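Pasted below: data05.txt, compact mmCIF, C-alpha atoms.
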# COMPACT_ATOMS: atom_id res chain seq x y z
CA MET A 17 24.70 -18.54 -11.89
CA GLN A 18 22.90 -19.94 -8.86
CA CYS A 19 19.40 -21.24 -9.42
CA VAL A 20 16.67 -22.56 -7.15
CA LYS A 21 13.31 -24.21 -7.53
CA ILE A 22 10.28 -22.88 -5.68
CA THR A 23 6.78 -24.25 -5.58
CA HIS A 24 4.44 -21.69 -7.04
CA CYS A 25 1.55 -23.93 -8.12
CA LEU A 26 3.74 -24.52 -11.18
CA THR A 27 7.44 -25.38 -10.65
CA PHE A 28 10.07 -23.43 -12.55
CA THR A 29 13.67 -22.26 -12.21
CA PHE A 30 15.08 -18.75 -12.04
CA VAL A 31 17.98 -16.65 -10.79
CA ILE A 32 17.79 -15.81 -7.07
CA MET A 33 16.12 -12.42 -6.63
CA VAL A 34 14.53 -10.36 -3.86
CA ILE A 35 11.33 -10.05 -5.92
CA ASN A 36 10.48 -13.37 -7.57
CA SER A 37 6.99 -12.72 -8.92
CA ILE A 38 5.32 -9.85 -10.72
CA ILE A 39 2.44 -10.18 -8.23
CA ASP A 40 4.74 -9.95 -5.18
CA ASN A 41 3.11 -6.56 -4.76
CA ASP A 42 0.14 -5.06 -2.93
CA LEU A 43 -3.31 -5.46 -4.45
CA TYR A 44 -4.05 -1.74 -4.55
CA LYS A 45 -1.25 -1.26 -7.05
CA PHE A 46 -3.03 -3.49 -9.56
CA THR A 47 -6.48 -2.02 -8.89
CA MET A 48 -5.13 1.52 -9.31
CA GLN A 49 -3.18 0.49 -12.42
CA TYR A 50 -6.35 -0.75 -14.11
CA ALA A 51 -8.15 2.50 -13.21
CA ALA A 52 -5.21 4.63 -14.40
CA MET A 53 -4.87 2.93 -17.76
CA ASN A 54 -8.60 3.43 -18.36
CA LEU A 55 -8.95 7.04 -17.23
CA PHE A 56 -5.46 8.55 -17.48
CA PRO A 57 -3.43 6.70 -20.15
CA PHE A 58 -1.45 9.80 -21.22
CA ASN A 59 -0.44 11.13 -17.82
CA VAL A 60 3.20 11.10 -16.76
CA VAL A 61 4.26 11.06 -13.11
CA LYS A 62 7.24 11.14 -10.80
CA TYR A 63 7.65 9.29 -7.50
CA GLN A 64 10.23 10.18 -4.86
CA PHE A 65 11.79 8.16 -2.03
CA THR A 66 11.72 9.79 1.41
CA ASN A 67 13.91 8.40 4.19
CA ARG A 68 11.89 9.60 7.19
CA GLY A 69 14.12 7.81 9.67
CA GLU A 70 17.27 9.34 8.12
CA GLN A 71 18.91 5.93 8.16
CA LYS A 72 22.38 5.82 6.62
CA PHE A 73 22.93 3.16 3.98
CA PRO A 74 26.22 1.28 3.50
CA GLU A 75 28.61 2.16 0.69
CA GLY A 76 27.55 0.77 -2.67
CA PHE A 77 23.96 0.20 -1.55
CA ASP A 78 22.60 2.00 -4.61
CA LYS A 79 24.31 -0.54 -6.87
CA LEU A 80 22.79 -3.44 -4.93
CA VAL A 81 19.31 -1.97 -5.30
CA MET A 82 19.77 -1.22 -8.99
CA ALA A 83 20.98 -4.78 -9.61
CA GLU A 84 17.68 -6.06 -8.19
CA VAL A 85 15.74 -3.54 -10.26
CA ASN A 86 17.47 -4.81 -13.41
CA LYS A 87 16.59 -8.42 -12.54
CA MET A 88 12.91 -7.48 -12.42
CA THR A 89 12.85 -7.21 -16.22
CA ASN A 90 12.60 -11.02 -16.23
CA LEU A 91 9.33 -11.06 -14.30
CA GLN A 92 6.14 -11.89 -16.13
CA LEU A 93 2.71 -13.09 -15.15
CA GLN A 94 2.64 -16.88 -14.88
CA PRO A 95 -0.34 -19.04 -15.91
CA ASP A 96 -1.19 -19.95 -12.30
CA GLU A 97 -1.01 -16.28 -11.31
CA TYR A 98 -3.33 -15.34 -14.17
CA ALA A 99 -5.81 -18.02 -13.06
CA PHE A 100 -5.64 -16.85 -9.44
CA LEU A 101 -6.30 -13.21 -10.37
CA LYS A 102 -9.17 -14.23 -12.62
CA GLU A 103 -10.80 -16.22 -9.80
CA LYS A 104 -10.11 -14.03 -6.76
CA CYS A 105 -9.98 -10.55 -8.29
CA TYR A 106 -13.28 -10.78 -10.16
CA TYR A 107 -13.44 -6.96 -10.39
CA LEU A 108 -10.39 -6.94 -12.70
CA PRO A 109 -11.54 -7.77 -16.26
CA GLN A 110 -9.81 -10.25 -18.52
CA ALA A 111 -8.64 -7.41 -20.77
CA TYR A 112 -6.57 -6.06 -17.86
CA LEU A 113 -5.17 -9.50 -17.04
CA ASP A 114 -4.13 -9.84 -20.68
CA PHE A 115 -2.41 -6.44 -20.45
CA LEU A 116 -0.63 -7.55 -17.26
CA SER A 117 0.52 -10.72 -19.02
CA GLY A 118 2.41 -8.53 -21.47
CA TYR A 119 3.68 -6.03 -18.90
CA ARG A 120 7.44 -5.91 -18.20
CA PHE A 121 9.25 -3.72 -15.69
CA ASN A 122 11.47 -1.13 -17.39
CA PRO A 123 14.54 -0.20 -15.26
CA GLU A 124 14.96 3.00 -17.28
CA GLU A 125 12.00 4.36 -15.32
CA VAL A 126 14.03 4.15 -12.08
CA LYS A 127 16.99 6.35 -11.10
CA ILE A 128 19.00 5.57 -7.95
CA LEU A 129 21.78 7.77 -6.58
CA GLN A 130 23.79 7.48 -3.38
CA THR A 131 25.83 10.26 -1.77
CA GLY A 132 27.64 9.00 1.29
CA GLY A 133 24.98 7.24 3.34
CA ASP A 134 22.08 9.08 1.73
CA LEU A 135 19.97 7.29 -0.85
CA LYS A 136 17.90 8.98 -3.55
CA ILE A 137 15.34 7.09 -5.64
CA GLU A 138 13.16 8.63 -8.33
CA ILE A 139 10.68 6.93 -10.66
CA GLU A 140 9.38 8.63 -13.81
CA GLY A 141 7.12 7.55 -16.65
CA PHE A 142 3.51 6.98 -17.66
CA TRP A 143 1.39 6.53 -14.55
CA TYR A 144 -0.22 3.30 -15.71
CA ARG A 145 3.28 1.79 -16.10
CA THR A 146 5.27 3.20 -13.20
CA ILE A 147 2.55 2.56 -10.61
CA LEU A 148 3.85 -0.97 -9.97
CA TRP A 149 7.36 0.09 -8.84
CA GLU A 150 6.73 1.57 -5.37
CA VAL A 151 5.99 -1.50 -3.24
CA PRO A 152 8.60 -3.92 -4.60
CA LEU A 153 11.25 -1.18 -4.55
CA MET A 154 10.62 -0.54 -0.87
CA ALA A 155 10.70 -4.27 -0.15
CA ILE A 156 14.05 -4.49 -1.96
CA VAL A 157 15.50 -1.55 -0.01
CA SER A 158 14.34 -3.02 3.29
CA GLN A 159 15.59 -6.57 2.69
CA LEU A 160 18.94 -5.49 1.25
CA TYR A 161 19.49 -3.09 4.13
CA PHE A 162 19.10 -5.84 6.72
CA GLU A 163 21.22 -8.24 4.68
CA ASN A 164 24.01 -5.64 4.65
CA SER A 165 23.78 -4.16 8.15
CA ASN A 166 25.06 -5.29 11.52
CA GLN A 167 21.62 -5.84 13.05
CA SER A 168 20.90 -9.41 14.12
CA PRO A 169 17.36 -10.75 14.27
CA TRP A 170 16.06 -13.08 16.94
CA ASN A 171 16.19 -16.81 16.34
CA GLN A 172 13.30 -18.33 14.39
CA ASN A 173 11.63 -19.86 17.44
CA LYS A 174 11.37 -16.47 19.16
CA ILE A 175 10.12 -14.76 15.99
CA ASP A 176 7.40 -17.40 15.61
CA ASP A 177 6.49 -17.23 19.30
CA VAL A 178 6.08 -13.43 19.19
CA LEU A 179 3.80 -13.72 16.16
CA ASN A 180 1.73 -16.58 17.57
CA LYS A 181 1.08 -14.62 20.78
CA LYS A 182 -0.30 -11.76 18.65
CA ILE A 183 -2.48 -14.19 16.73
CA GLU A 184 -3.90 -15.60 19.96
CA LEU A 185 -4.61 -12.11 21.29
CA TYR A 186 -6.42 -11.06 18.12
CA LYS A 187 -8.44 -14.28 18.14
CA HIS A 188 -9.36 -13.63 21.77
CA LEU A 189 -10.49 -10.10 20.86
CA GLY A 190 -12.72 -11.57 18.16
CA ILE A 191 -11.52 -9.17 15.45
CA LYS A 192 -10.56 -9.39 11.78
CA VAL A 193 -6.93 -8.81 10.82
CA ALA A 194 -5.05 -8.72 7.51
CA ASP A 195 -1.37 -8.54 6.64
CA PHE A 196 -0.40 -5.17 5.13
CA GLY A 197 3.37 -5.58 5.54
CA THR A 198 4.99 -5.91 2.11
CA ARG A 199 6.73 -2.54 1.90
CA ARG A 200 8.84 -2.64 5.08
CA ARG A 201 9.20 -6.37 5.57
CA PHE A 202 12.41 -7.83 6.99
CA SER A 203 12.65 -10.24 4.08
CA PHE A 204 10.47 -12.13 1.65
CA GLU A 205 11.20 -15.34 3.57
CA ASN A 206 9.96 -13.84 6.85
CA HIS A 207 6.89 -12.34 5.14
CA ASN A 208 6.07 -15.73 3.64
CA ARG A 209 6.40 -17.38 7.05
CA VAL A 210 4.21 -14.72 8.69
CA VAL A 211 1.37 -15.20 6.21
CA GLY A 212 1.73 -18.97 6.52
CA LEU A 213 1.39 -18.85 10.31
CA LEU A 214 -1.52 -16.40 10.10
CA LYS A 215 -3.28 -18.76 7.72
CA LEU A 216 -2.46 -21.85 9.82
CA ASN A 217 -3.27 -20.45 13.27
CA GLY A 218 -5.48 -17.41 12.65
CA GLY A 219 -8.79 -19.16 11.99
CA ASP A 220 -11.61 -16.74 11.19
CA THR A 221 -9.55 -13.84 12.56
CA PHE A 222 -7.18 -13.79 9.56
CA VAL A 223 -9.02 -12.46 6.51
CA GLY A 224 -6.19 -12.06 3.99
CA THR A 225 -3.08 -10.20 2.89
CA SER A 226 -2.38 -7.17 0.73
CA ASN A 227 0.35 -9.18 -1.01
CA VAL A 228 -1.19 -10.86 -4.05
CA TYR A 229 1.51 -13.51 -4.49
CA LEU A 230 1.34 -14.62 -0.87
CA ALA A 231 -2.45 -14.64 -1.02
CA MET A 232 -2.11 -17.10 -3.91
CA LYS A 233 0.58 -19.18 -2.25
CA HIS A 234 -1.37 -19.56 1.00
CA ASP A 235 -4.85 -19.87 -0.51
CA SER A 236 -5.99 -16.61 1.03
CA THR A 237 -7.76 -13.43 -0.08
CA PRO A 238 -5.90 -10.42 -1.54
CA ILE A 239 -6.96 -7.29 0.35
CA GLY A 240 -6.89 -3.62 -0.71
CA THR A 241 -8.54 -0.81 -2.67
CA HIS A 242 -6.56 2.38 -3.35
CA ALA A 243 -3.69 4.37 -1.84
CA HIS A 244 -2.93 8.04 -1.15
CA GLU A 245 -1.54 8.49 -4.65
CA TRP A 246 -5.04 8.08 -6.11
CA PHE A 247 -6.18 11.24 -4.33
CA MET A 248 -2.84 13.05 -4.71
CA PHE A 249 -2.99 12.57 -8.48
CA HIS A 250 -6.51 13.99 -8.68
CA ALA A 251 -5.56 16.99 -6.55
CA ALA A 252 -2.62 17.83 -8.83
CA LEU A 253 -4.82 17.75 -11.93
CA PHE A 254 -8.17 19.03 -10.65
CA GLY A 255 -7.40 21.06 -7.52
CA TYR A 256 -7.44 20.36 -3.79
CA LYS A 257 -11.01 21.46 -3.12
CA ILE A 258 -12.59 18.85 -5.39
CA ALA A 259 -9.86 16.18 -5.31
CA ASN A 260 -11.64 13.84 -2.89
CA SER A 261 -15.00 13.97 -4.65
CA VAL A 262 -13.51 13.52 -8.15
CA ALA A 263 -11.26 10.69 -6.96
CA LEU A 264 -14.21 8.90 -5.34
CA GLU A 265 -16.38 9.46 -8.43
CA ASN A 266 -13.72 8.02 -10.72
CA TRP A 267 -13.24 5.01 -8.43
CA VAL A 268 -16.95 4.29 -8.57
CA LYS A 269 -16.93 4.78 -12.35
CA ILE A 270 -14.38 1.96 -12.69
CA TYR A 271 -15.41 -0.46 -9.94
CA ARG A 272 -19.18 0.12 -9.70
CA GLY A 273 -19.41 -0.54 -5.96
CA ASN A 274 -16.67 -3.15 -5.65
CA LEU A 275 -13.53 -2.37 -3.60
CA GLY A 276 -15.56 -0.21 -1.25
CA ILE A 277 -13.17 0.97 1.48
CA ALA A 278 -12.27 4.65 0.99
CA LEU A 279 -8.98 6.10 2.23
CA THR A 280 -9.66 9.27 4.21
CA ASP A 281 -6.56 11.18 5.23
CA THR A 282 -4.76 12.28 2.05
CA PHE A 283 -5.77 15.90 2.75
CA THR A 284 -6.86 15.28 6.37
CA SER A 285 -9.95 13.34 7.34
CA ASP A 286 -11.89 16.53 8.16
CA VAL A 287 -11.55 17.65 4.53
CA PHE A 288 -12.44 14.15 3.30
CA PHE A 289 -15.72 14.06 5.23
CA ARG A 290 -16.80 17.30 3.53
CA SER A 291 -16.98 15.31 0.27
CA PHE A 292 -18.14 11.99 1.74
CA ASP A 293 -21.83 12.74 1.32
CA THR A 294 -24.83 10.42 1.59
CA LEU A 295 -24.26 8.92 -1.85
CA TYR A 296 -20.67 7.86 -1.13
CA ALA A 297 -21.32 7.02 2.51
CA LYS A 298 -24.04 4.57 1.46
CA LEU A 299 -22.17 3.20 -1.55
CA PHE A 300 -18.82 2.58 0.14
CA ASP A 301 -18.61 -0.24 2.70
CA GLY A 302 -16.49 1.88 4.99
CA VAL A 303 -13.33 3.93 5.37
CA ARG A 304 -9.66 3.38 6.17
CA HIS A 305 -7.77 5.15 8.95
CA ASP A 306 -4.06 5.73 8.30
CA SER A 307 -2.93 8.66 10.45
CA GLY A 308 -3.86 10.63 13.56
CA ASP A 309 -5.46 9.43 16.77
CA PRO A 310 -7.57 6.38 15.84
CA LEU A 311 -10.14 7.04 18.59
CA VAL A 312 -10.66 10.65 17.48
CA PHE A 313 -11.06 9.38 13.93
CA ALA A 314 -13.50 6.67 15.00
CA GLU A 315 -15.69 9.20 16.79
CA LYS A 316 -15.68 11.55 13.78
CA THR A 317 -16.62 8.67 11.50
CA ILE A 318 -19.42 7.43 13.74
CA GLU A 319 -20.87 10.92 14.07
CA HIS A 320 -20.60 11.49 10.32
CA TYR A 321 -22.61 8.35 9.57
CA LYS A 322 -25.19 9.27 12.21
CA LYS A 323 -25.52 12.77 10.72
CA LEU A 324 -26.31 11.14 7.38
CA ARG A 325 -28.85 8.82 9.07
CA ILE A 326 -26.72 5.75 8.39
CA ASN A 327 -26.32 3.12 11.11
CA PRO A 328 -22.57 2.98 11.89
CA LEU A 329 -22.93 -0.73 12.71
CA THR A 330 -23.53 -1.34 8.99
CA LYS A 331 -20.16 0.24 8.11
CA THR A 332 -16.51 -0.66 8.74
CA ILE A 333 -13.39 1.25 9.70
CA VAL A 334 -10.20 -0.45 8.52
CA PHE A 335 -7.45 0.71 10.89
CA SER A 336 -3.96 0.56 9.34
CA ASP A 337 -1.69 3.11 11.01
CA ALA A 338 1.37 1.73 12.84
CA LEU A 339 -0.63 -0.95 14.63
CA ASP A 340 0.69 -3.17 17.39
CA PRO A 341 -1.17 -5.21 20.04
CA VAL A 342 -1.43 -2.27 22.46
CA ALA A 343 -2.92 0.02 19.79
CA VAL A 344 -5.30 -2.68 18.58
CA GLU A 345 -6.63 -3.41 22.08
CA ARG A 346 -7.19 0.32 22.68
CA ILE A 347 -9.16 0.67 19.45
CA VAL A 348 -11.25 -2.45 20.04
CA GLU A 349 -12.19 -1.34 23.54
CA TYR A 350 -13.38 2.03 22.21
CA CYS A 351 -15.15 0.91 19.03
CA ARG A 352 -16.86 -2.32 20.02
CA GLY A 353 -20.61 -2.01 19.69
CA LYS A 354 -20.32 1.37 17.95
CA ILE A 355 -19.03 0.55 14.46
CA LEU A 356 -17.62 -2.47 12.64
CA MET A 357 -13.83 -2.67 12.50
CA SER A 358 -10.99 -4.49 10.81
CA PHE A 359 -7.21 -4.15 11.13
CA GLY A 360 -4.52 -4.02 8.45
CA ILE A 361 -1.27 -4.71 10.28
CA GLY A 362 1.96 -4.00 8.46
CA THR A 363 5.46 -3.72 9.88
CA ASN A 364 4.45 -5.18 13.25
CA PHE A 365 3.66 -8.43 11.45
CA THR A 366 6.44 -8.61 8.86
CA ASN A 367 9.36 -6.89 10.60
CA ASP A 368 8.99 -7.65 14.30
CA VAL A 369 12.12 -9.80 14.44
CA GLY A 370 14.39 -7.92 16.84
CA VAL A 371 15.70 -5.21 14.49
CA LYS A 372 14.69 -1.59 13.98
CA PRO A 373 12.56 -1.35 10.80
CA LEU A 374 13.27 1.37 8.26
CA ASN A 375 10.98 4.41 8.31
CA MET A 376 10.60 5.24 4.63
CA VAL A 377 8.02 5.97 1.96
CA ILE A 378 7.85 6.39 -1.81
CA LYS A 379 5.20 8.94 -2.74
CA LEU A 380 3.90 10.56 -5.90
CA SER A 381 5.73 13.88 -6.27
CA LYS A 382 4.75 15.37 -9.65
CA VAL A 383 2.13 14.87 -12.37
CA LYS A 384 1.84 15.91 -16.02
CA ALA A 385 -1.44 16.04 -17.90
CA GLU A 386 0.44 14.72 -20.93
CA LYS A 387 4.04 13.88 -21.80
CA SER A 388 4.83 17.33 -23.24
CA GLY A 389 2.96 19.28 -20.55
CA ASP A 390 4.02 21.09 -17.40
CA TRP A 391 4.71 19.40 -14.09
CA PHE A 392 2.25 19.88 -11.20
CA ASN A 393 3.40 19.21 -7.64
CA CYS A 394 1.75 16.52 -5.51
CA VAL A 395 1.40 16.70 -1.73
CA LYS A 396 -0.12 14.61 1.03
CA LEU A 397 -1.57 16.27 4.12
CA SER A 398 -1.69 13.74 6.92
CA ASP A 399 -3.77 13.90 10.10
CA ASN A 400 -0.29 13.85 11.70
CA VAL A 401 1.33 17.19 10.92
CA GLY A 402 4.81 15.66 10.91
CA LYS A 403 3.84 13.27 8.11
CA HIS A 404 2.96 15.92 5.48
CA THR A 405 4.75 14.96 2.26
CA GLY A 406 5.78 17.11 -0.69
CA ASN A 407 7.15 20.50 -1.70
CA PRO A 408 6.92 22.86 1.33
CA GLU A 409 5.49 25.76 -0.72
CA GLU A 410 2.89 23.45 -2.26
CA ILE A 411 1.97 22.10 1.19
CA SER A 412 1.40 25.67 2.38
CA SER A 413 -0.73 26.40 -0.68
CA ALA A 414 -2.83 23.29 -0.15
CA LEU A 415 -3.37 24.09 3.54
CA PHE A 416 -4.48 27.62 2.62
CA GLN A 417 -6.84 26.48 -0.14
CA LEU A 418 -8.46 23.90 2.10
CA GLY A 419 -8.77 26.28 5.05
CA ILE A 420 -6.57 24.17 7.33
CA ASP A 421 -4.93 26.22 10.10
CA ARG A 422 -1.75 24.33 10.93
Would it be possible to restate this file's structure as structure tokens?
Amino acid sequence: MQCVKITHCLTFTFVIMVINSIIDNDLYKFTMQYAAMNLFPFNVVKYQFTNRGEQKFPEGFDKLVMAEVNKMTNLQLQPDEYAFLKEKCYYLPQAYLDFLSGYRFNPEEVKILQTGGDLKIEIEGFWYRTILWEVPLMAIVSQLYFENSNQSPWNQNKIDDVLNKKIELYKHLGIKVADFGTRRRFSFENHNRVVGLLKLNGGDTFVGTSNVYLAMKHDSTPIGTHAHEWFMFHAALFGYKIANSVALENWVKIYRGNLGIALTDTFTSDVFFRSFDTLYAKLFDGVRHDSGDPLVFAEKTIEHYKKLRINPLTKTIVFSDALDPVAVERIVEYCRGKILMSFGIGTNFTNDVGVKPLNMVIKLSKVKAEKSGDWFNCVKLSDNVGKHTGNPEEISSALFQLGIDR
């Protein structure tokens, strides 16, 4: 057994793993978990892996992934992690942190199957439990793939130079950027280095990271609110026409005005803005863009606020869809002086190392109202038609119910 020591505020020893901390995960997983255990403790869900890039995985890859999944049973919240969450994530009550202290990953909730080069991953169990699997599983798949493929990254000097040039550009533009790159990172080591350089060289431009562990390690701010699954879950239980409004209402019920960036495109942004009335538009600090033309979205958002007699310069758009320096410059040029903006940059920060990143997602696929109930299909309707996710018949039904002609 090979062991290493890492500095993690406290020093301890453990078996080498891809995921070394229970909080090596994105913040929105913990915020949604707390909401789910409060509002939907009996609901059972399924998640499904989708390999959008149709990448072929090497023989035996499923066994490598499952071995890492099994190791995750050893993870538990450490005292320094508890203290960090208590200080930085003030919106999460101590009762939740106590629950998280007792939480353990259960590998029986994860099924992995490989046929040839095709990989199938399914997660099933109570929503409040299984919600933490998605992000670390994707990070495992990504890192193991690059460790077991023939792609060679650049040398470290070039990787650092590419990142530092981006940092200088974003500082020159005078914008706020955060790291959103856990899911498709090249490796934990590269992700750690990226956040370290952003913290060291980013100045006021770098506002934090979605990764809670790295936020702790680099004395930064964990960033995030909720993901598409929050709205997908509500649609499966309550119907597509009221999914956005019920999901927003439940978010407000739990967080009372904290965590105020609303995700817009789960059933297209046009449908979202139908529900984003004056109450929510004033209560939420802003919205997040995650698909479709960012300039078209920005204009829709600005006009929506104006229609509600809200000054757009008091609200923020968080752009987070496949951002690189060219896309960021285009958005800044269009939006400056019209609305506040921030940028959550993912793969272009954590996997810009000279290899081709994987194009994959893990999405909610089915929901039960209770363990013995019937399954209801979940879908996501992106502002990019090609990124619709879910059962084709259910997608068609959702499009029809919402009056979307595409």
Using all atoms listed in the file: which of A:Gly132, A:Gly419, A:Pro123, A:Gly276 has the shortest distance to Trp149 in chain A
A:Pro123
With only C-alpha atoms as the atoms that count, which of A:Glu315, A:Val395, A:Val342, A:Ile191 lies nearest to Phe247 in chain A?
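Ranked by minimum distance to Phe247 in chain A, first place goes to A:Val395.
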Shell of 9 Å around range 217-232 of chain A, all atoms listed in the file, local chain residues under 2 positions omitted, as a PyMOL selection string
chain A and resi 24-25+37-44+96-97+100-101+180+183-184+186-187+190-198+207-208+211-215+234-240+360
Among the residues A:Arg325, A:Lys87, A:Lys379, A:His404, the one that comes closest to Leu295 in chain A [using all atoms listed in the file]
A:Arg325
Find the distance between CA of Phe73 in chain A and CA of Gln172 in chain A and write it in Å to one decimal.
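The value is 25.7 Å.
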Find the residues around range 139-145 of chain A up to 7 Å (only C-alpha atoms counted), leave out those fewer than 5 positions away in its own chain, and share them as a PDB file with C-alpha atoms, keeping the file's coordinate frame.
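Saved to around-v8.pdb:
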ATOM      1  CA  GLN A  49      -3.180   0.490 -12.420  1.00  0.00           C
ATOM      2  CA  ALA A  52      -5.210   4.630 -14.400  1.00  0.00           C
ATOM      3  CA  MET A  53      -4.870   2.930 -17.760  1.00  0.00           C
ATOM      4  CA  PRO A  57      -3.430   6.700 -20.150  1.00  0.00           C
ATOM      5  CA  PHE A  58      -1.450   9.800 -21.220  1.00  0.00           C
ATOM      6  CA  ASN A  59      -0.440  11.130 -17.820  1.00  0.00           C
ATOM      7  CA  VAL A  60       3.200  11.100 -16.760  1.00  0.00           C
ATOM      8  CA  VAL A  61       4.260  11.060 -13.110  1.00  0.00           C
ATOM      9  CA  LYS A  62       7.240  11.140 -10.800  1.00  0.00           C
ATOM     10  CA  TYR A  63       7.650   9.290  -7.500  1.00  0.00           C
ATOM     11  CA  GLN A  64      10.230  10.180  -4.860  1.00  0.00           C
ATOM     12  CA  GLU A 125      12.000   4.360 -15.320  1.00  0.00           C
ATOM     13  CA  VAL A 126      14.030   4.150 -12.080  1.00  0.00           C
ATOM     14  CA  LYS A 127      16.990   6.350 -11.100  1.00  0.00           C
TER      15      LYS A 127
END
Take every atom of range 243-247 of chain A listed in the file, fit an axis-aligned box around them, add 8 Å per side, and give the centre and edge lengths in Å to one decimal as AutoDock Vina command-line options.
--center_x -3.9 --center_y 7.8 --center_z -3.6 --size_x 20.6 --size_y 22.9 --size_z 21.0
Between A:Leu275, A:Val85, A:Ala314, A:Ala259, which is the closest to Phe292 in chain A once you count only C-alpha atoms?
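Residue with the minimum atom-to-atom distance to Phe292 in chain A: A:Ala259.
Note that the spacing between CA of Leu279 in chain A and CA of Asp368 in chain A amounts to 25.6 Å.
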With only C-alpha atoms as the basis for distance, which of A:Asp286, A:Glu410, A:Asp134, A:Glu84 is at the shortest distance from Phe65 in chain A?
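Nearest candidate to Phe65 in chain A out of A:Asp286, A:Glu410, A:Asp134, A:Glu84: A:Asp134.
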Option closest in space to Lys136 in chain A, from A:Met33, A:Ile347, A:Val157, A:Ile270 [counting all atoms listed in the file]
A:Val157
